[in-house]
Structure formats: structure tokens, C-alpha cells
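K.L.:
Below you will find the structure I want to go over with you.
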Amino acid sequence: MVFNTGAALLDAIVLAVVSRETEGTYGYKITQEVRVAIDLSESTLYPVLRRLQKDECLDVYDKECAGRNRRYYLVTEKGRRQLNLYEGEWRDYSDKITMIFEGGPKR
């Protein structure tokens with residue numbers, strides 16, 4: 001992708017992906033789903049997950065899978081409110097950019 005992906009957009013994308021799973025989801029699966037939209041490495045994802053956890057937007061728990069512990073991430077109520085804010089901001093921003101690409105405001 002030729003456009004920069006800032007921290008707020010990464011947070012929004014990760015929250016959106018994690019929010020789809022009622023029981024939470026784990027890092028590798030998050031990475032695979034985010035890659036549908038943007039190129040993202042696991043080394044980029046984990047700092048985002050830690051920041052969202054620190055900001056109380058995600059809860060974390062471990063669950064055994066095939067004899068190993070797997071860390072799961074779950075969106076908190078605060079995370080859902082933040083995601084709603086991001087979604088509104090994204091729609092507004094996206095509409096304005098689309099308007100510019102399509103020739104500006106109709107007169």
C-alpha cells in the first residue's frame with residue numbers, strides 16, 4: 001500500500017477485527033484478517049495489541065490449544081466505544097476524500 005497507516009487507523013482496524021469474535025481471537029488470526037486490507041507483520045501487530053490493552057480497549061486471556069497456551073484478545077466496553085468513534089471518523093474522512101477524487105463538491 002502506498003498510503004501510510006497511522007496508529008489510529010491500525011487501532012481501528014485491529015479493534016474491528018477483534019470485535020467480530022465474541023470469545024476473542026488470537027494474534028496470528030488477527031494478522032491474517034488485517035492483511036486482507038493492509039500489509040501487516042506480526043512484529044507490527046503486537047505493539048498495537050499491547051497499546052490497546054494498556055488503554056483498556058482490549059482484555060487478554062490465555063487458553064490451551066494443542067497443548068500450548070494461546071493468548072486471546074477480547075474487546076472491552078471502552079474498546080467498543082472507541083471503535084464506534086473510529087468508525088464515525090473514518091466514514092466522514094472517507095466521504096470527503098471520495099468527494100475530492102470525484103471532482104469536488106457538487107455546485
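Ligands are numbered from 1 in the order shown, chains are lettered A, B, ... in the order of the C-alpha cells, and residues start at 1 in each chain.
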Compile the contact shell of Cys57 in chain A as a list in words: residues with an atom at most 8 Å away, counting only C-alpha atoms, same-chain residues fewer than 5 positions apart removed.
P.N.:
Leu52, Val75, Thr76, Glu77, Lys78, Gly79, Arg80 and Gln82 of chain A
K.L.:
Which residues in chain A does DSSP call helix (DSSP H, G or I)? List them as a ChimeraX atom specification.
P.N.:
/A:7-19,27-34,42-54,77-101
K.L.:
Determine, counting only C-alpha atoms, which protein, DNA and RNA residues have an atom within 10 Å of an atom of range 72-74 of chain A; residues of the same chain fewer than 6 positions away are not included. Present the result as a ChimeraX atom specification.
P.N.:
/A:15,18-27,30,49,52-53,57-63
K.L.:
Those residues with N, CA, C and O atoms, as a PDB file, in the first residue's frame please?
P.N.:
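Saved result, result_25.pdb, follows:
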```pdb
ATOM      1  N   LEU A  15      -9.245  -3.246  16.308  1.00  0.00           N
ATOM      2  CA  LEU A  15     -10.469  -3.311  17.109  1.00  0.00           C
ATOM      3  C   LEU A  15     -11.624  -3.888  16.294  1.00  0.00           C
ATOM      4  O   LEU A  15     -12.417  -4.689  16.806  1.00  0.00           O
ATOM      5  N   VAL A  18     -11.027  -7.723  15.982  1.00  0.00           N
ATOM      6  CA  VAL A  18     -11.214  -8.429  17.255  1.00  0.00           C
ATOM      7  C   VAL A  18     -12.678  -8.390  17.677  1.00  0.00           C
ATOM      8  O   VAL A  18     -13.198  -9.362  18.239  1.00  0.00           O
ATOM      9  N   SER A  19     -13.371  -7.305  17.397  1.00  0.00           N
ATOM     10  CA  SER A  19     -14.763  -7.160  17.839  1.00  0.00           C
ATOM     11  C   SER A  19     -15.705  -8.162  17.178  1.00  0.00           C
ATOM     12  O   SER A  19     -16.791  -8.416  17.679  1.00  0.00           O
ATOM     13  N   ARG A  20     -15.307  -8.741  16.059  1.00  0.00           N
ATOM     14  CA  ARG A  20     -16.160  -9.713  15.361  1.00  0.00           C
ATOM     15  C   ARG A  20     -16.262 -11.044  16.091  1.00  0.00           C
ATOM     16  O   ARG A  20     -17.162 -11.826  15.814  1.00  0.00           O
ATOM     17  N   GLU A  21     -15.328 -11.301  16.989  1.00  0.00           N
ATOM     18  CA  GLU A  21     -15.282 -12.591  17.684  1.00  0.00           C
ATOM     19  C   GLU A  21     -15.758 -12.419  19.123  1.00  0.00           C
ATOM     20  O   GLU A  21     -15.086 -11.774  19.928  1.00  0.00           O
ATOM     21  N   THR A  22     -16.905 -13.002  19.456  1.00  0.00           N
ATOM     22  CA  THR A  22     -17.471 -12.812  20.797  1.00  0.00           C
ATOM     23  C   THR A  22     -16.607 -13.430  21.892  1.00  0.00           C
ATOM     24  O   THR A  22     -16.612 -12.948  23.017  1.00  0.00           O
ATOM     25  N   GLU A  23     -15.867 -14.476  21.570  1.00  0.00           N
ATOM     26  CA  GLU A  23     -14.989 -15.121  22.554  1.00  0.00           C
ATOM     27  C   GLU A  23     -13.558 -14.597  22.481  1.00  0.00           C
ATOM     28  O   GLU A  23     -12.688 -15.095  23.185  1.00  0.00           O
ATOM     29  N   GLY A  24     -13.318 -13.634  21.602  1.00  0.00           N
ATOM     30  CA  GLY A  24     -11.964 -13.117  21.410  1.00  0.00           C
ATOM     31  C   GLY A  24     -11.252 -13.871  20.309  1.00  0.00           C
ATOM     32  O   GLY A  24     -11.758 -14.856  19.773  1.00  0.00           O
ATOM     33  N   THR A  25     -10.073 -13.412  19.974  1.00  0.00           N
ATOM     34  CA  THR A  25      -9.276 -14.050  18.935  1.00  0.00           C
ATOM     35  C   THR A  25      -7.798 -13.870  19.263  1.00  0.00           C
ATOM     36  O   THR A  25      -7.437 -13.103  20.141  1.00  0.00           O
ATOM     37  N   TYR A  26      -6.942 -14.564  18.558  1.00  0.00           N
ATOM     38  CA  TYR A  26      -5.514 -14.576  18.866  1.00  0.00           C
ATOM     39  C   TYR A  26      -4.701 -13.882  17.774  1.00  0.00           C
ATOM     40  O   TYR A  26      -5.189 -13.627  16.678  1.00  0.00           O
ATOM     41  N   GLY A  27      -3.464 -13.562  18.122  1.00  0.00           N
ATOM     42  CA  GLY A  27      -2.615 -12.724  17.295  1.00  0.00           C
ATOM     43  C   GLY A  27      -2.441 -13.157  15.858  1.00  0.00           C
ATOM     44  O   GLY A  27      -2.583 -12.348  14.936  1.00  0.00           O
ATOM     45  N   ILE A  30      -5.576 -12.570  13.912  1.00  0.00           N
ATOM     46  CA  ILE A  30      -5.768 -11.129  13.709  1.00  0.00           C
ATOM     47  C   ILE A  30      -4.904 -10.659  12.545  1.00  0.00           C
ATOM     48  O   ILE A  30      -5.368  -9.951  11.652  1.00  0.00           O
ATOM     49  N   LEU A  49      -1.519  -4.320  19.816  1.00  0.00           N
ATOM     50  CA  LEU A  49      -2.304  -5.065  20.805  1.00  0.00           C
ATOM     51  C   LEU A  49      -1.955  -4.633  22.228  1.00  0.00           C
ATOM     52  O   LEU A  49      -2.846  -4.448  23.066  1.00  0.00           O
ATOM     53  N   LEU A  52      -3.466  -1.160  22.893  1.00  0.00           N
ATOM     54  CA  LEU A  52      -4.906  -1.246  23.097  1.00  0.00           C
ATOM     55  C   LEU A  52      -5.243  -1.874  24.458  1.00  0.00           C
ATOM     56  O   LEU A  52      -6.208  -1.485  25.104  1.00  0.00           O
ATOM     57  N   GLN A  53      -4.422  -2.815  24.872  1.00  0.00           N
ATOM     58  CA  GLN A  53      -4.620  -3.413  26.203  1.00  0.00           C
ATOM     59  C   GLN A  53      -4.323  -2.377  27.291  1.00  0.00           C
ATOM     60  O   GLN A  53      -5.094  -2.217  28.235  1.00  0.00           O
ATOM     61  N   CYS A  57      -8.793  -0.992  26.054  1.00  0.00           N
ATOM     62  CA  CYS A  57      -9.698  -1.282  24.941  1.00  0.00           C
ATOM     63  C   CYS A  57      -9.770  -2.785  24.663  1.00  0.00           C
ATOM     64  O   CYS A  57     -10.703  -3.247  23.997  1.00  0.00           O
ATOM     65  N   LEU A  58      -8.780  -3.522  25.151  1.00  0.00           N
ATOM     66  CA  LEU A  58      -8.748  -4.975  24.995  1.00  0.00           C
ATOM     67  C   LEU A  58      -8.480  -5.639  26.330  1.00  0.00           C
ATOM     68  O   LEU A  58      -7.682  -5.133  27.131  1.00  0.00           O
ATOM     69  N   ASP A  59      -9.132  -6.776  26.550  1.00  0.00           N
ATOM     70  CA  ASP A  59      -8.791  -7.680  27.637  1.00  0.00           C
ATOM     71  C   ASP A  59      -8.008  -8.830  27.031  1.00  0.00           C
ATOM     72  O   ASP A  59      -8.159  -9.137  25.841  1.00  0.00           O
ATOM     73  N   VAL A  60      -7.203  -9.483  27.848  1.00  0.00           N
ATOM     74  CA  VAL A  60      -6.373 -10.585  27.383  1.00  0.00           C
ATOM     75  C   VAL A  60      -6.580 -11.775  28.305  1.00  0.00           C
ATOM     76  O   VAL A  60      -6.693 -11.615  29.516  1.00  0.00           O
ATOM     77  N   TYR A  61      -6.647 -12.963  27.701  1.00  0.00           N
ATOM     78  CA  TYR A  61      -6.674 -14.187  28.497  1.00  0.00           C
ATOM     79  C   TYR A  61      -5.962 -15.284  27.721  1.00  0.00           C
ATOM     80  O   TYR A  61      -5.835 -15.208  26.497  1.00  0.00           O
ATOM     81  N   ASP A  62      -5.471 -16.269  28.435  1.00  0.00           N
ATOM     82  CA  ASP A  62      -4.783 -17.401  27.814  1.00  0.00           C
ATOM     83  C   ASP A  62      -5.701 -18.617  27.822  1.00  0.00           C
ATOM     84  O   ASP A  62      -6.478 -18.822  28.756  1.00  0.00           O
ATOM     85  N   LYS A  63      -5.570 -19.424  26.764  1.00  0.00           N
ATOM     86  CA  LYS A  63      -6.381 -20.621  26.620  1.00  0.00           C
ATOM     87  C   LYS A  63      -5.506 -21.700  25.990  1.00  0.00           C
ATOM     88  O   LYS A  63      -4.739 -21.412  25.064  1.00  0.00           O
TER      89      LYS A  63
END
```
K.L.:
Just checking: using only C-alpha atoms, which residue out of A:Ala16, A:Val48, A:Val36, A:Leu9 ends up closest to Glu89 in chain A?
P.N.:
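Looking at the shortest contact to Glu89 in chain A, the residue is A:Leu9.
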K.L.:
Report, in Å to a single decimal, how far apart CA of Glu33 in chain A and CA of Val17 in chain A are.
P.N.:
7.0 Å
K.L.:
So how many Å separate CA of Ala8 in chain A and CA of Ile97 in chain A, to one decimal?
P.N.:
17.4 Å
K.L.:
Please identify all polymer residues within 10 Å of range 44-46 of chain A, counting only C-alpha atoms, omitting same-chain residues fewer than 5 positions from it, and present them as a list in words.
P.N.:
Leu10, Asp11, Val14, Gly27, Tyr28, Ile30, Thr31, Val34, Asp39, Arg51 and Leu52 of chain A
K.L.:
Looking at only C-alpha atoms, which of A:Ala66, A:Ala7, A:Ile100, A:Ala12 is the one that sits closest to Arg81 in chain A?
P.N.:
A:Ala12
